[in-house]
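Engineer: Provided herewith: target.txt, compact mmCIF, C-alpha atoms.
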```
# COMPACT_ATOMS: atom_id res chain seq x y z
CA MET A 1 154.21 87.60 -21.89
CA GLN A 2 152.88 88.76 -18.47
CA HIS A 3 152.55 86.13 -15.77
CA ASP A 4 150.77 87.35 -12.62
CA GLU A 5 152.03 84.62 -10.24
CA VAL A 6 155.66 85.17 -11.14
CA ILE A 7 155.33 88.92 -10.65
CA TRP A 8 153.67 88.51 -7.24
CA LYS A 9 156.36 86.09 -6.01
CA VAL A 10 159.05 88.52 -6.96
CA ILE A 11 157.25 91.47 -5.33
CA ASN A 12 156.18 89.60 -2.20
CA ASN A 13 159.47 87.84 -1.46
CA GLY A 14 161.81 90.40 -2.95
CA PHE A 15 161.89 94.20 -3.16
CA CYS A 16 159.00 96.52 -4.10
CA SER A 17 159.36 100.29 -4.14
CA PHE A 18 155.65 100.75 -3.29
CA LYS A 19 155.63 98.46 -0.25
CA VAL A 20 155.55 100.01 3.24
CA ARG A 21 156.03 97.83 6.32
CA THR A 22 154.71 98.96 9.71
CA LYS A 23 155.09 97.20 13.03
CA LEU A 24 152.09 97.36 15.36
CA GLN A 25 152.44 97.20 19.15
CA GLY A 26 152.51 93.54 20.19
CA LYS A 27 151.16 92.37 16.81
CA ASP A 28 152.46 91.18 13.45
CA THR A 29 153.62 93.58 10.79
CA GLN A 30 151.15 95.13 8.38
CA ASN A 31 152.14 95.91 4.78
CA PHE A 32 150.69 98.86 2.85
CA CYS A 33 150.96 99.90 -0.78
CA ARG A 34 151.68 103.47 -1.95
CA ASN A 35 150.76 102.91 -5.59
CA GLU A 36 148.11 105.45 -6.74
CA TYR A 37 146.17 102.74 -8.64
CA ASN A 38 145.73 100.49 -5.59
CA VAL A 39 142.02 100.20 -4.65
CA THR A 40 142.33 99.31 -0.96
CA GLY A 41 145.83 100.57 -0.11
CA LEU A 42 146.87 97.15 1.22
CA CYS A 43 149.71 95.03 -0.11
CA ASN A 44 148.19 91.64 -0.96
CA ARG A 45 147.59 89.40 -3.97
CA GLN A 46 144.06 90.66 -4.79
CA SER A 47 144.81 94.39 -4.36
CA CYS A 48 148.20 94.64 -6.09
CA PRO A 49 147.85 96.58 -9.40
CA LEU A 50 151.17 95.19 -10.70
CA ALA A 51 150.42 91.48 -10.18
CA ASN A 52 146.92 91.61 -11.72
CA SER A 53 146.60 91.85 -15.48
CA ARG A 54 142.87 92.58 -15.17
CA TYR A 55 142.35 95.43 -12.75
CA ALA A 56 140.19 98.53 -12.20
CA THR A 57 140.34 101.50 -9.80
CA ILE A 58 139.05 105.04 -9.33
CA VAL A 59 141.34 108.10 -9.17
CA GLU A 60 140.50 111.72 -8.27
CA ASN A 61 142.16 114.67 -10.03
CA GLU A 62 141.18 118.35 -9.55
CA GLY A 63 137.67 117.52 -8.34
CA TRP A 64 136.91 114.98 -11.05
CA CYS A 65 136.71 111.19 -10.63
CA TYR A 66 138.20 108.86 -13.27
CA LEU A 67 137.62 105.14 -13.73
CA CYS A 68 140.90 103.45 -14.69
CA ILE A 69 140.68 99.98 -16.30
CA LYS A 70 143.60 97.66 -17.06
CA THR A 71 143.28 94.70 -19.48
CA ILE A 72 145.64 92.00 -20.68
CA GLU A 73 145.18 92.99 -24.33
CA ARG A 74 147.19 96.23 -23.74
CA ALA A 75 149.99 94.62 -21.71
CA HIS A 76 152.42 94.86 -24.67
CA SER A 77 152.14 98.69 -24.63
CA PRO A 78 152.84 100.10 -21.14
CA LYS A 79 151.90 103.69 -22.08
CA ASN A 80 148.43 102.55 -23.19
CA MET A 81 147.95 99.95 -20.47
CA TRP A 82 145.37 101.97 -18.45
CA GLU A 83 142.10 103.18 -19.97
CA ARG A 84 140.85 106.34 -18.25
CA ILE A 85 137.12 107.24 -18.22
CA ARG A 86 135.89 110.46 -16.61
CA LEU A 87 132.86 109.96 -14.36
CA PRO A 88 130.08 112.55 -13.96
CA LYS A 89 129.83 114.57 -10.73
CA ASN A 90 126.40 113.13 -10.06
CA TYR A 91 126.86 110.24 -7.65
CA ALA A 92 124.04 108.06 -9.04
CA GLN A 93 125.16 108.50 -12.64
CA ALA A 94 128.76 107.69 -11.68
CA LEU A 95 127.66 104.43 -10.01
CA ALA A 96 125.65 103.45 -13.08
CA LEU A 97 128.67 104.09 -15.32
CA VAL A 98 130.91 101.96 -13.06
CA ASP A 99 128.44 99.08 -13.26
CA LYS A 100 128.33 99.39 -17.03
CA HIS A 101 132.11 99.28 -17.60
CA LEU A 102 132.85 96.67 -14.91
CA GLU A 103 130.07 94.32 -15.87
CA PHE A 104 132.34 91.27 -16.40
CA PHE A 105 134.82 91.99 -13.58
CA PRO A 106 134.85 90.12 -10.25
CA LYS A 107 132.16 91.19 -7.79
CA THR A 108 134.68 91.97 -5.05
CA LEU A 109 136.55 94.36 -7.32
CA ILE A 110 133.32 96.15 -8.34
CA HIS A 111 132.30 96.53 -4.68
CA ARG A 112 135.69 97.98 -3.72
CA ASN A 113 135.54 100.49 -6.58
CA LYS A 114 132.09 101.63 -5.48
CA GLN A 115 133.34 102.08 -1.92
CA ARG A 116 136.29 104.14 -3.16
CA LEU A 117 133.95 106.29 -5.28
CA THR A 118 131.74 106.93 -2.22
CA LYS A 119 134.69 108.02 -0.08
CA ILE A 120 136.00 110.35 -2.78
CA HIS A 121 132.58 112.00 -3.18
CA GLN A 122 132.32 112.51 0.60
CA TYR A 123 135.65 114.28 0.96
CA LEU A 124 134.96 116.41 -2.14
CA ILE A 125 131.72 117.62 -0.51
CA ARG A 126 133.63 118.45 2.69
CA MET A 127 136.22 120.38 0.70
CA ARG A 128 133.53 122.51 -0.97
CA LYS A 129 131.96 123.32 2.41
CA LEU A 130 135.29 124.30 3.92
CA LYS A 131 136.03 126.63 1.02
CA LEU A 132 132.78 128.51 1.67
CA LYS A 133 133.68 129.11 5.34
CA VAL A 134 136.02 131.88 6.42
CA GLN A 135 139.07 130.35 8.05
CA PRO A 136 142.10 132.05 9.59
CA LYS A 137 145.28 131.80 7.62
CA LEU A 138 148.38 131.03 9.65
CA VAL A 139 151.45 132.82 8.35
CA GLY A 140 154.87 132.29 9.86
CA GLU A 141 156.80 135.39 10.86
CA PRO A 142 160.60 135.18 11.13
CA LYS A 143 161.93 136.15 14.55
CA LYS A 144 164.82 138.20 13.19
CA ILE A 145 162.56 140.40 11.07
CA ALA A 146 160.13 140.91 13.96
CA ARG A 147 162.98 141.85 16.31
CA ARG A 148 164.41 144.27 13.75
CA GLU A 149 161.06 145.97 13.19
CA ARG A 150 160.52 146.29 16.95
CA ARG A 151 163.89 148.05 17.36
CA ARG A 152 163.14 150.40 14.50
CA GLU A 153 159.80 151.36 16.05
CA GLN A 154 161.46 152.10 19.41
CA LYS A 155 164.11 154.28 17.76
CA ALA A 156 161.47 156.13 15.75
CA GLU A 157 159.45 156.84 18.92
CA LYS A 158 162.51 158.25 20.69
CA ILE A 159 163.38 160.46 17.72
CA ALA A 160 159.80 161.72 17.54
CA LEU A 161 159.82 162.66 21.23
CA ILE A 162 163.12 164.54 20.84
CA ASP A 163 161.82 166.42 17.79
CA ARG A 164 158.66 167.45 19.64
CA ALA A 165 160.66 168.66 22.64
CA ILE A 166 162.99 170.72 20.43
CA LYS A 167 160.06 172.18 18.54
CA ALA A 168 158.24 173.17 21.75
CA GLU A 169 161.40 174.76 23.19
CA LEU A 170 161.99 176.81 20.04
CA VAL A 171 158.40 177.99 20.00
CA GLN A 172 158.63 179.10 23.63
CA ARG A 173 161.83 181.04 22.92
CA LEU A 174 160.31 182.72 19.90
CA GLU A 175 157.27 183.71 21.95
CA ALA A 176 159.48 185.13 24.68
CA GLY A 177 161.50 187.06 22.11
CA VAL A 178 164.86 185.57 23.09
CA TYR A 179 166.30 185.75 19.60
CA GLY A 180 164.82 189.07 18.65
CA ASP A 181 165.77 190.09 15.11
CA ILE A 182 168.92 187.97 15.01
CA TYR A 183 167.47 185.21 12.88
CA ASN A 184 165.21 185.44 9.89
CA PHE A 185 162.71 182.60 10.09
CA PRO A 186 159.55 182.10 8.02
CA LYS A 187 156.70 183.74 9.89
CA GLN A 188 154.08 181.57 8.23
CA VAL A 189 155.61 178.42 9.75
CA TYR A 190 155.71 180.13 13.15
CA LYS A 191 152.05 181.10 12.85
CA ASP A 192 151.08 177.60 11.81
CA VAL A 193 152.82 176.15 14.87
CA LEU A 194 151.05 178.63 17.14
CA GLU A 195 147.71 177.72 15.60
CA GLU A 196 148.38 174.03 16.16
CA MET A 197 149.25 174.70 19.80
CA GLY A 198 146.08 176.77 20.19
CA GLU A 199 143.98 173.99 18.71
CA GLU A 200 145.50 171.50 21.13
CA LYS A 201 144.71 173.77 24.07
CA ASP A 202 141.14 174.23 22.84
CA ARG A 203 140.73 170.48 22.62
CA GLU A 204 141.99 170.08 26.18
CA ILE A 205 139.56 172.76 27.41
CA GLU A 206 136.66 171.13 25.61
CA ALA A 207 137.56 167.78 27.12
CA ASP A 208 137.65 169.32 30.61
CA ASP A 209 134.25 170.98 30.04
CA GLU A 210 132.74 167.70 28.91
CA LYS A 211 134.07 165.98 32.03
CA GLU A 212 132.56 168.69 34.26
CA LEU A 213 129.20 168.41 32.52
CA GLU A 214 129.25 164.65 32.96
CA GLU A 215 130.06 165.03 36.67
CA GLU A 216 127.22 167.56 37.12
CA ALA A 217 124.81 165.25 35.34
CA GLU A 218 125.87 162.39 37.62
CA GLY A 219 125.42 164.66 40.68
CA GLU A 220 121.91 165.65 39.60
CA GLY A 221 121.02 162.04 39.15
CA ASP A 222 122.06 161.31 42.76
CA GLU A 223 119.50 163.73 44.35
CA GLY A 224 117.58 162.29 47.29
CA PRO A 225 113.79 162.01 47.66
CA VAL A 226 111.64 165.15 48.08
CA GLU A 227 110.38 165.93 51.63
CA PHE A 228 107.43 168.15 52.66
CA VAL A 229 107.80 170.41 55.77
CA GLU A 230 105.27 172.53 57.70
CA ASP A 231 105.12 176.27 57.01
CA TYR A 232 106.29 178.45 59.94
CA GLY A 233 106.43 181.79 58.11
CA GLU A 234 102.88 183.22 58.59
CA ASP A 235 103.26 184.27 62.26
CA ASP A 236 106.60 185.86 61.51
CA ASP A 237 105.02 187.98 58.77
CA TYR A 238 102.37 189.31 61.19
CA GLU A 239 105.04 190.19 63.74
CA ASP A 240 107.06 192.02 61.09
CA VAL A 241 104.02 194.10 60.14
CA GLU A 242 103.45 195.11 63.79
CA GLY A 243 107.09 196.02 64.14
CA LEU A 244 106.86 198.30 61.11
CA GLY A 245 104.02 200.28 62.79
CA ASP A 246 106.13 200.97 65.88
CA LEU A 247 109.03 201.94 63.68
CA THR A 248 107.02 204.67 61.90
CA LYS A 249 105.88 206.15 65.25
CA ASP A 250 109.42 206.34 66.56
CA ARG A 251 110.58 208.00 63.38
CA ASP A 252 107.86 210.69 63.69
CA GLY A 253 108.89 211.45 67.27
CA ALA A 254 112.50 211.60 66.32
CA GLY A 255 111.61 213.97 63.49
CA GLY A 256 110.03 216.54 65.86
CA ASP A 257 113.02 216.53 68.15
CA SER A 258 115.34 217.01 65.23
CA ASP A 259 113.40 220.12 64.14
CA ASP A 260 113.89 221.69 67.57
CA ASP A 261 117.52 220.84 67.61
CA SER A 262 118.07 222.23 64.14
CA GLU A 263 117.42 225.78 65.41
CA LYS A 264 120.43 225.49 67.67
CA PRO A 265 123.89 226.01 66.07
CA SER A 266 125.03 222.46 66.62
CA SER A 267 126.13 219.50 64.50
CA SER A 268 124.88 215.97 65.05
CA LYS A 269 126.40 212.72 63.92
CA PRO A 270 124.36 210.31 61.82
CA SER A 271 122.43 207.82 63.86
CA LYS A 272 123.24 204.16 63.76
CA LYS A 273 121.06 201.78 61.82
CA PRO A 274 118.46 199.99 63.94
CA THR A 275 119.24 196.41 64.74
CA ARG A 276 116.62 193.72 64.82
CA LYS A 277 116.78 190.68 66.96
CA ARG A 278 114.56 187.88 65.81
CA ARG A 279 113.42 185.22 68.14
CA ARG A 280 110.92 182.52 67.84
CA GLY A 281 107.63 183.41 69.55
CA ALA A 282 107.63 186.96 71.01
CA ARG A 283 110.06 189.47 69.49
CA GLU A 284 111.35 192.77 70.83
CA ILE A 285 112.66 195.63 68.71
CA GLU A 286 114.97 198.25 70.28
CA TYR A 287 116.10 201.49 68.68
CA GLU A 288 118.97 203.60 70.00
CA ILE A 289 119.51 207.17 68.79
CA GLU A 290 122.58 208.99 70.04
CA THR A 291 123.13 212.70 69.54
CA GLU A 292 126.02 214.83 70.70
CA VAL A 293 125.63 218.54 71.02
CA GLU A 294 128.67 220.76 70.90
CA THR A 295 128.45 224.30 72.12
CA ALA A 296 129.31 226.89 69.59
CA LYS A 297 132.25 229.13 70.30
```
Output the file's structure as structure tokens, nothing else.
Structural biologist:
Amino acid sequence: MQHDEVIWKVINNGFCSFKVRTKLQGKDTQNFCRNEYNVTGLCNRQSCPLANSRYATIVENEGWCYLCIKTIERAHSPKNMWERIRLPKNYAQALALVDKHLEFFPKTLIHRNKQRLTKIHQYLIRMRKLKLKVQPKLVGEPKKIARRERRREQKAEKIALIDRAIKAELVQRLEAGVYGDIYNFPKQVYKDVLEEMGEEKDREIEADDEKELEEEAEGEGDEGPVEFVEDYGEDDDYEDVEGLGDLTKDRDGAGGDSDDDSEKPSSSKPSKKPTRKRRRGAREIEYEIETEVETAK
């Protein structure tokens, strides 16, 4: 037969595998209970599930809440000692079901079960919200594996640079005709390599052209403000027209002299081109014609 007082004396004064003792700073020790059926989590006479033959608690499993009830009538069968009732996910319906099954239990025990049900519903709601949010997943990376991968990457980069250098040197020698007809190599591969090199050069040229265009566009955008200046060209045009009239007269006079000189057996050198000296305001035009006459033998 189960006797609650005897069980509590043994647990309280002796050893209990569920009891946890903690020492607070400057205060007395506080005892806690790790039994899953404990309502409050404290180790005392009212909350101990082992020392109470009539007990009730609420347990959560995979998102569902269960009301567990213990009665003295099932004390002879330990495997059937706890009656488990699944509660609905609706909070109001779950509270109504707790009141229905714990109608004849002590009021303090009913209140503690309702508090436990409220806390369980709150953290279930928080869990659902956290699952909907995107959270970073922290994954540990072993240092040895990371170091090994880093060394492999460095070796692969060095090998790739050496291969590229060898390939470029061989292509240059083949272009220069160093080997001649000594070796028989596939011409298609050689052509493909040349095409790749040509494409790379074209890309570089296009990149340079784009840079130049960008620089020109920036230069055009930096142009200063437009200024308006007075026109000084009308008087100069009139002076040029007057100078042309004098030039035609001189040419006519020079033409008559040349006809007279042409009758003589002599050779003349070509005249120099007239020079114009422009000055602001009054302008003078001078023409020099030099002729040398050689006597015929």
Engineer: Within 10 Å of (133.7, 112.1, -3.7), all atoms listed in the file: residues as a count of residues only?
Structural biologist: 19
Engineer: Tell me which protein, DNA and RNA residues are within 8 Å of stretch 38-45 of chain A, counting only C-alpha atoms, leaving out same-chain ones fewer than 5 positions away, and put them as a ChimeraX atom specification.
Structural biologist: /A:8,19,31-33,51,56-58,112-113,116
Engineer: When you draw a straight line from atom CA of A:Lys114 to atom CA of A:Ala94, how long is it in Å?
Structural biologist: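 Value for the atom CA of A:Lys114-atom CA of A:Ala94 distance: 9.3 Å.
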Engineer: One number please: atom CA of A:His76 to atom CA of A:Gln2, in Å, one decimal.
Structural biologist: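 Distance between the two atoms: 8.7 Å.
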Engineer: Expressed in Å to a single decimal, how great is the separation between atom CA of A:Lys137 and atom CA of A:Glu62?
Structural biologist: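 Separation of atom CA of A:Lys137 and atom CA of A:Glu62: 22.2 Å.
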